[in-house]
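First comes the structure, then the notes that go with it.
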Amino acid sequence: MIAPSRILRGSKLGDFLPQHSTNPTSALTPEWAALLECASPHPNVRRLDELVRKSVNWSSLRALADEHGVLPLLAMRLRDLDESIVPAEMRHRLREWQRSQMVFSLSLTAELFRLLDRFAASGLEVLLTKGPVLAARCYGDPGSRQYTDLDLIVRGKDIHQATEMMIALGYEAKVPLKAIEAKKLPGEYVFTQHDTGLLVEFHTEHTFRYHPRPLPVEKLFERRACVQFDGHDVPALSTEDELILICIHGAKHFWTRLMWIADVAALVSKQDVDWDRAMAAGREVGAERMLRVGLRLATDVLGARLPAQVAGDVQADGAAERVVAQIKSRLRLADATPFGLFGRAAFRMRMRGGYLRGAAYLLRLSLSPTEEDWVSGSEEKRSWLLDAMGRPFRLARKYGRDGRT
């Protein structure tokens with residue numbers, strides 16, 4: 001089972017919307033303006049029709065959508081237009097891509113159900129996040145969002161048993177059982193199905209290191225919800241906890257893809273969000289600024305609508321506004337130089353909010369080793385300090401020269 005391949009890469013993204021523009025499409029290339037319309041939770045079909053009737057470069061538009069992870073949304077919106085507008089080759093290639101994506105999604109969903117049944121039979125609780133559950137919540141079905149793996153949350157105390165079960169189910173574990181027994185903490189627990197290449201990632205309260213404060217995993221299980229697709233009730237994060245997680249995830253990756261903004265915009269537009277609970281969940285893990293940045297991107301870039309009180313709170317955060325302006329200026333450039341070491345550090349601190357809190361957050365991230373930092377051959381030892389001391393040097397080597405990841 002191989003995920004659909006990327007179609008084209010490296011197209012120019014054109015100019016992005018100026019921060020205070022009164023005409024939301026006046027400064028945009030037709031391709032970028034059309035893509036924003038497609039990714040919006042409130043698309044204007046008439047406006048999209050007008051945009052694509054202009055001198056749209058269809059290859060660039062398709063490559064742009066692929067680069068930003070929103071090919072399903074592009075295909076979905078173009079279906080609403082007159083067939084004579086979209087070139088036959090474009091329609092054909094999008095249909096072929098959708099067919100491949102659907103087959104992959106169905107296979108992934110079937111495997112998800114197999115895993116959930118096995119875990120339920122053993123009494124081991126898991127929660128699904130991102131991937132197919134976001135597709136169902138935001139866009140209506142598991143095949144309407146690009147994803148290539150399954151993300152599951154499990155309690156830290158259960159990860160050894162979960163790993164044993166995944167191995168018994170035919171998966172290869174990137175993190176060996178001996179490393180788990182030695183209390184080594186990876187970035188995530190990755191499992192690969194040898195024959196298909198399918199990836200399943202398990203997360204615990206200890207692997208969500210980009211949460212400014214420890215994740216209260218028991219509360220996540222208490223607040224869980226069920227998302228239904230293909231006739232199954234799938235245990236998932238509550239809408240509010242999912243919102244916090246995807247905002248933190250976007251911040252982790254510097255919001256470089258439109259897909260992550262579209263997810264936030266769609267989630268708050270399609271789901272009934274308990275905003276008091278969402279704000280409380282953000283405070284619980286120290287992610288208030290990350291939440292406000294995610295919400296502001298959703299409104300500024302894709303026209304999501306927020307309740308007046310929530311919008312006022314988001315707009316009042318001047319530091320978040322400056323971070324959003326920086327993200328928007330970089331989002332428009334496919335060939336923007338990635339953040340170097342100091343740029344990454346400054347961004348992390350601003351996303352945390354406050355100098356002291358930002359510095360403490362950065363220090364923790366800099367000294368919390370993952371499997372990439374483990375001393376060679378020490379997977380069975382508890383040499384955390386040695387691993388932690390090596391992490392800053394690895395980060396400097398990785399990001400210090402030209403900023404490329």
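In the structure tokens, chains take letters A, B, ... by order of appearance, with residues numbered from 1 within each chain and ligands from 1 in the order shown.
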How would you write, as a VMD selection string, the set of residues in range 82-249 of chain A that DSSP gives as strand (DSSP E)? chain A and resid 127 to 129 149 to 153 171 to 173 189 to 193 199 to 203 225 to 229 232 to 236
Can you write out the residues you just picked, keeping C-alpha atoms, as a PDB file, in the first residue's frame?
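Now in part.pdb:
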```
ATOM      1  CA  LEU A 127      -7.262   7.773  20.556  1.00  0.00           C
ATOM      2  CA  LEU A 128      -7.004   8.682  16.885  1.00  0.00           C
ATOM      3  CA  THR A 129      -5.767  12.133  15.922  1.00  0.00           C
ATOM      4  CA  ASP A 149       0.086   7.504   8.097  1.00  0.00           C
ATOM      5  CA  LEU A 150      -2.009   6.892  11.185  1.00  0.00           C
ATOM      6  CA  ASP A 151      -1.462   8.811  14.423  1.00  0.00           C
ATOM      7  CA  LEU A 152      -2.630   7.221  17.653  1.00  0.00           C
ATOM      8  CA  ILE A 153      -2.360   8.411  21.247  1.00  0.00           C
ATOM      9  CA  TYR A 171       4.980  -4.334  12.180  1.00  0.00           C
ATOM     10  CA  GLU A 172       8.628  -3.384  12.575  1.00  0.00           C
ATOM     11  CA  ALA A 173       9.290  -1.093  15.537  1.00  0.00           C
ATOM     12  CA  TYR A 189       6.975   5.528  18.343  1.00  0.00           C
ATOM     13  CA  VAL A 190       7.034   4.612  14.651  1.00  0.00           C
ATOM     14  CA  PHE A 191       5.906   1.259  13.279  1.00  0.00           C
ATOM     15  CA  THR A 192       6.284   0.158   9.665  1.00  0.00           C
ATOM     16  CA  GLN A 193       4.423  -2.579   7.872  1.00  0.00           C
ATOM     17  CA  LEU A 199       3.417   3.890   8.848  1.00  0.00           C
ATOM     18  CA  VAL A 200       1.653   3.997  12.209  1.00  0.00           C
ATOM     19  CA  GLU A 201       2.868   6.472  14.830  1.00  0.00           C
ATOM     20  CA  PHE A 202       2.043   6.251  18.519  1.00  0.00           C
ATOM     21  CA  HIS A 203       2.263   9.305  20.743  1.00  0.00           C
ATOM     22  CA  ALA A 225     -15.217  11.891  21.474  1.00  0.00           C
ATOM     23  CA  CYS A 226     -16.312   9.408  18.818  1.00  0.00           C
ATOM     24  CA  VAL A 227     -16.005  10.205  15.138  1.00  0.00           C
ATOM     25  CA  GLN A 228     -17.996   7.999  12.807  1.00  0.00           C
ATOM     26  CA  PHE A 229     -16.911   6.952   9.353  1.00  0.00           C
ATOM     27  CA  HIS A 232     -17.563   2.654  12.760  1.00  0.00           C
ATOM     28  CA  ASP A 233     -17.306   4.786  15.886  1.00  0.00           C
ATOM     29  CA  VAL A 234     -13.656   5.711  16.215  1.00  0.00           C
ATOM     30  CA  PRO A 235     -12.311   7.025  19.559  1.00  0.00           C
ATOM     31  CA  ALA A 236     -10.733  10.417  18.988  1.00  0.00           C
TER      32      ALA A 236
END
```
Excluding Thr204 in chain A and its own-chain neighbours fewer than 6 positions away, which residues fall within 6 Å of it when counting only C-alpha atoms? Please give them as a list in words. Ile153, Val154, Arg155 and Gly156 of chain A
Computed gap from CA of Thr163 in chain A to CA of Gly123 in chain A is 14.4 Å
Taken to one decimal, the CA of Glu284 in chain A-CA of Leu367 in chain A distance is 22.5 Å
Near Asp141 in chain A, within 9 Å and counting only C-alpha atoms, which residues show up once chain neighbours fewer than 6 positions away are dropped, as a PyMOL selection string? chain A and resi 132-135+229-230
Same residues, C-alpha atoms, output as a PDB file, in the first residue's frame:
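The result, stored in out.pdb:
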```
ATOM      1  CA  PRO A 132      -8.560  10.386   8.704  1.00  0.00           C
ATOM      2  CA  VAL A 133     -10.323  11.783  11.755  1.00  0.00           C
ATOM      3  CA  LEU A 134      -9.490  15.351  10.658  1.00  0.00           C
ATOM      4  CA  ALA A 135     -10.628  14.505   7.137  1.00  0.00           C
ATOM      5  CA  PHE A 229     -16.911   6.952   9.353  1.00  0.00           C
ATOM      6  CA  ASP A 230     -17.535   3.840   7.327  1.00  0.00           C
TER       7      ASP A 230
END
```
Using only C-alpha atoms, the best pick from A:Tyr355, A:Tyr399, A:Trp58, A:Trp255 as closest to Ala325 in chain A would be A:Trp255
| task | Record the distance separating CA of Arg114 in chain A and CA of Gly143 in chain A, expressed in Å with one decimal. | result |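 Value for the CA of Arg114 in chain A-CA of Gly143 in chain A distance: 18.2 Å.
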Expected answer as a count of residues only: alpha helix (DSSP H) residues in range 8-109 of chain A: 58
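Proximity of A:Gly312, A:Ala304, A:Pro369, A:Leu124 to Gly390 in chain A, computed with only C-alpha atoms, is greatest for A:Pro369.
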Inset, instruction - Considering only C-alpha atoms, return as a PyMOL selection string whatever protein or nucleic-acid residues lie within 9 Å of Ala75 in chain A, sequence-local ones (same chain, fewer than 2 positions apart) excluded. - result: chain A and resi 38+70-73+77-79+91+94-95+98
Taking N, CA and C atoms for each residue, export the selection above as a compact mmCIF listing (two decimals), in the first residue's frame.
```
# COMPACT_ATOMS: atom_id res chain seq x y z
N CYS A 38 -10.09 27.72 -3.00
CA CYS A 38 -10.36 26.29 -2.86
C CYS A 38 -10.19 25.83 -1.42
N VAL A 70 -3.10 20.38 -0.40
CA VAL A 70 -4.54 20.63 -0.54
C VAL A 70 -5.06 20.17 -1.91
N LEU A 71 -4.43 19.18 -2.51
CA LEU A 71 -4.93 18.64 -3.77
C LEU A 71 -6.38 18.15 -3.66
N PRO A 72 -6.77 17.48 -2.57
CA PRO A 72 -8.18 17.05 -2.48
C PRO A 72 -9.15 18.22 -2.52
N LEU A 73 -8.79 19.34 -1.89
CA LEU A 73 -9.67 20.50 -1.89
C LEU A 73 -9.74 21.13 -3.27
N ARG A 77 -13.28 21.42 -5.30
CA ARG A 77 -13.86 22.70 -5.73
C ARG A 77 -14.00 22.78 -7.25
N LEU A 78 -13.05 22.21 -7.98
CA LEU A 78 -13.13 22.28 -9.44
C LEU A 78 -14.30 21.48 -9.98
N ARG A 79 -14.76 20.48 -9.23
CA ARG A 79 -15.93 19.70 -9.66
C ARG A 79 -17.18 20.56 -9.73
N ARG A 91 -8.48 17.59 -15.53
CA ARG A 91 -9.53 16.79 -14.90
C ARG A 91 -9.11 15.33 -14.83
N LEU A 94 -6.41 14.84 -12.11
CA LEU A 94 -6.98 14.96 -10.76
C LEU A 94 -7.83 13.75 -10.42
N ARG A 95 -8.58 13.22 -11.41
CA ARG A 95 -9.37 12.01 -11.16
C ARG A 95 -8.47 10.82 -10.85
N GLN A 98 -7.18 11.30 -7.38
CA GLN A 98 -8.23 11.02 -6.40
C GLN A 98 -8.49 9.53 -6.26
```
